[in-house]
Every structure is written in structure tokens, then in C-alpha cells.
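Participant: Below is one structure. I have some questions about it.
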Amino acid sequence: MVNTVWLKEQRTKHMDWRLEGSTQKVESPVLQGEEGILEETGEDGLPEGFQLLQIDAEGECQEGETLATGSTVWCSKNVQRKQRHWEKIVAAKKSKRKQEKERRKANRAENSGICPQHSKRFLRALTKEKLLEAKHSGPRLCIDLSMTHHMSKKELSRLAGQIRRLYGSNKKADRPFWICLTGFTIDSPLYEECVRMNDGFSSYLLDIKEEDCFSLFPLETLVYLTPDSEHALEDVDLNKVYILGGLVDESIQKKVTFQKAWEYSVKTARLPIQEYMVRNQNGKNYHSEILAINQVFDILSTYLETRNWPEALKKGVTSGKGYILRNSVE
């Protein structure tokens with residue numbers, strides 16, 4: 001009985017001794033480590049290990065790798081180059097915006113007493129209103145597109161471009177015409193070319209008719225403008241419907257439009273080029289009264305605004321046609 005009690009006491013002492021030894025082993029490295037760190041700090045209060053890291057980082061920065069401000073992320077040369085390039089782009093855009101702002105400000109100052117500045121939305125609405133007004137009160141202009149079946153793709157492309165320029169000029173006119181494209185089908189090669197070349201062609205404010213112009217309007221109201229006519233156009237009558245032949249013919253077949261007007265007993269007229277202009281000597285000895293439909297339109301539109309044929313003809317008859325105004329001859 002005594003031996004059993006003694007063994008238990010010895011066993012308890014042995015366990016307490018082991019616990020004290022393990023506690024000392026655990027605490028001693030921590031204390032030693034703290035003492036070692038305190039002993040290895042330099043003059044600036046940082047441990048030598050951190051000082052070595054700082055030296056290495058400074059070396060890398062000197063070689064072209066910099067530390068980001070307020071962070072430990074560094075940027076390579078490639079990143080720095082891209083950053084500089086981006087900053088140049090941003091600076092250039094800012095400079096361009098500033099110059100454009102100053103230019104608009106200068107224009108407003110110059111034109112302050114001439115015309116008010118309007119928004120694009122207002123101008124679009126105004127243009128639409130003028131075009132719709134022309135539909136009801138005239139003047140009216142038909143583009144006869146019933147003769148395009150024999151035209152080549154190149155000629156169709158040129159005609160599509162002329163239609164685009166004609167419509168653009170009509171939108172800018174103070175007194176626009178109402179335009180009607182006659183003999184024109186949406187499954188024709190010309191329609192496909194117009195859609196391809198002209199943005200928003202399907203939303204143009206004009207009429208597109210499959211019928212020809214001779215069946216859409218009373219014949220007595222029609223005037224076919226053709227360079228082969230014997231009668232010079234004297235005035236633009238708002239009660240008349242003027243027809244332009246939508247024809248680009250590089251083979252220059254004569255009297256195609258005149259013959260068509262004659263078949264329907266429709267009045268014809270030509271622009272008064274011979275009355276107000278004279279032939280100008282040129283190296284090619286070339287003189288032509290055949291104009292593109294957009295050039296004819298520019299003449300009609302200018303005359304409608306100015307009632308001055310010389311000024312109107314100067315607008316549409318280019319020097320390449322070989323004609324100049326009479327008063328320009330010395």
C-alpha cells in the first residue's frame with residue numbers, strides 16, 4: 001500500500017518536471033529570437049535583413065524598374081513606355097478639344113450678329129419641315145430612271161453617286177425641290193447600288209415610284225430637260241414638273257431623252273448655256289453641254305433662289321465643260 005502511494009507521487013513529480021522543461025523549450029527560442037533581432041538592428045532602427053531588401057530594391061530601380069508610389073508593386077520598362085505613350089495620347093486629345101473649343105468660340109464671336117447657332121436636332125427638324133412643305137407646294141423634280149437597264153455597273157455607280165450629291169444639295173437649299181425617282185424598283189441593280197453607296201438611302205425624304213413620270217403626272221405639266229431641245233429654259237415655274245433623265249452613258253448616245261419626251265408629246269427645254277455662256281479655248285478643244293443630274297439640279301436650285309441665270313450657270317457648269325460666262329471674256 002505504501003509502495004503504491006510512493007509510485008504515484010513519483011509519477012506526478014516526473015510529469016510536472018516534463019511540463020516545466022517543455023515550457024522552457026518553447027519560450028526560450030522566442031526570447032532568443034527577439035533578443036537576436038534587437039541585437040541585429042542597424043543605425044536607422046531597421047533589421048539588417050530589411051536593409052538588405054531595401055538595397056536590392058534600390059538596385060532594381062536603378063536598372064529601370066521602379067516602385068509604385070505608396071505600394072510595393074513595381075513597373076517594368078515596357079509598362080512605363082506604354083504609360084508614357086498613353087499619357088501623350090491623352091494630352092493630345094485634351095489639346096485638340098481645347099483648340100476646337102476655341103475655334104467654335106471664335107466663330108460664334110464672328111457670326112454673333114449674322115446667324116444664330118442651332119443644334120443639329122433643330123436643323124434636322126427644319127430640313128425635314130422644308131422638304132415636306134415642298135412636297136405639297138412645289139417645286140417638283142423627277143429623275144427618270146427607266147433607262148438604266150442597259151447601263152454597266154460602273155455607270156450605275158456613277159449615277160448612284162450623282163443621286164446622293166443631288167439629295168445632299170437639295171437638303172441644304174433654302175427652297176428645296178420635292179424629288180421623285182420614277183421608273184425605279186427596289187429589286188433593280190441601281191437600287192442595290194444606291195443602298196450600298198448612300199448611307200441611309202432607304203430613309204431619304206423623297207418618292208420612289210415604279211411607274212414612269214408620264215403616267216404619274218398630267219402630261220401638260222411636264223417639262224423634260226434635255227440638251228437636245230431647241231427651246232431654252234426661261235424660268236422655273238412652280239406649277240410645272242421638271243424631268244431629268246437619269247442616264248450615265250459613256251458611249252454618248254445622242255437624243256435618247258429627247259426622243260422619249262417626243263414619244264409622249266411632252267414639252268422639252270434646255271439650260272440657257274448658249275444664251276449666257278461662250279466656248280472657251282482649251283487644249284483639248286472640248287465643249288459639252290451634257291451635265292450630270294446633280295449639276296443640272298444645282299443650276300435650277302440656284303436660279304430658284306437668285307433668279308439670275310449667269311450666277312446659276314456658274315454654279316453648275318464647270319470649266320471642264322469648255323464654257324465660260326460672256327462677261328468673263330475680255
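Ordering of the C-alpha cells sets the chain letters (A, B, ...), residue numbers begin anew at 1 in every chain, and ligands are numbered from 1 in the order given.
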Residues within 12 Å of Asp212 of chain A, please, as an MDAnalysis selection string. Count only C-alpha atoms; anything in the same chain fewer than 3 positions from it doesn't count.
Facilitator: chainID A and resid 142:147 180:185 208:209 215:219 243 245:246 260:261 264
Participant: Excluding Lys267 of chain A and any residue of its chain fewer than 4 positions from it, enumerate the residues within 12 Å of it, using only C-alpha atoms, and give them as a PyMOL selection string.
Facilitator: chain A and resi 214+218-226+229-233+240-243+257-263
Participant: Choose the residue, out of A:Arg84, A:Arg164, A:Arg124, A:Lys154, that has the smallest atom-to-atom separation from Phe201 of chain A; count only C-alpha atoms.
Facilitator: A:Arg164
Participant: So the first atom is atom CA of Leu156 of chain A and the second is atom CA of Asn294 of chain A; what is the distance between them in Å, to one decimal place?
Facilitator: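 Interatomic distance, atom CA of Leu156 of chain A to atom CA of Asn294 of chain A: 14.6 Å.
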Participant: To one decimal in Å, tell me the separation between atom CA of Glu129 of chain A and atom CA of Tyr204 of chain A.
Facilitator: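 A separation of 13.4 Å between them.
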Participant: Based on the backbone DSSP call, show me all residues of segment 117-328 of chain A assigned helix (DSSP H, G or I), as a ChimeraX atom specification.
Facilitator: /A:120-137,153-172,189-197,201-203,213-216,219-221,256-263,273-276,293-306,309-316,319-321,326-328
Participant: What's around Lys130 of chain A at 9 Å? Count only C-alpha atoms, leave out sequence neighbours fewer than 4 positions away in its own chain, and write the answer as a ChimeraX atom specification.
Facilitator: /A:125-126,134-135,171,174-176
Participant: One number please: atom CA of Leu291 of chain A to atom CA of Arg270 of chain A, in Å, one decimal.
Facilitator: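 Atom CA of Leu291 of chain A sits 11.0 Å away from atom CA of Arg270 of chain A.
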Participant: Check the smallest atom-to-atom distance from each of A:Arg158, A:Arg140, A:Lys321, A:His149 to Glu289 of chain A using only C-alpha atoms, then report the winner.
Facilitator: A:Lys321
Participant: What lies within 10 Å of Lys314 of chain A using only C-alpha atoms, ignoring chain neighbours under 6 positions off, as a PyMOL selection string?
Facilitator: chain A and resi 273+276-277+298-299+302+323-325
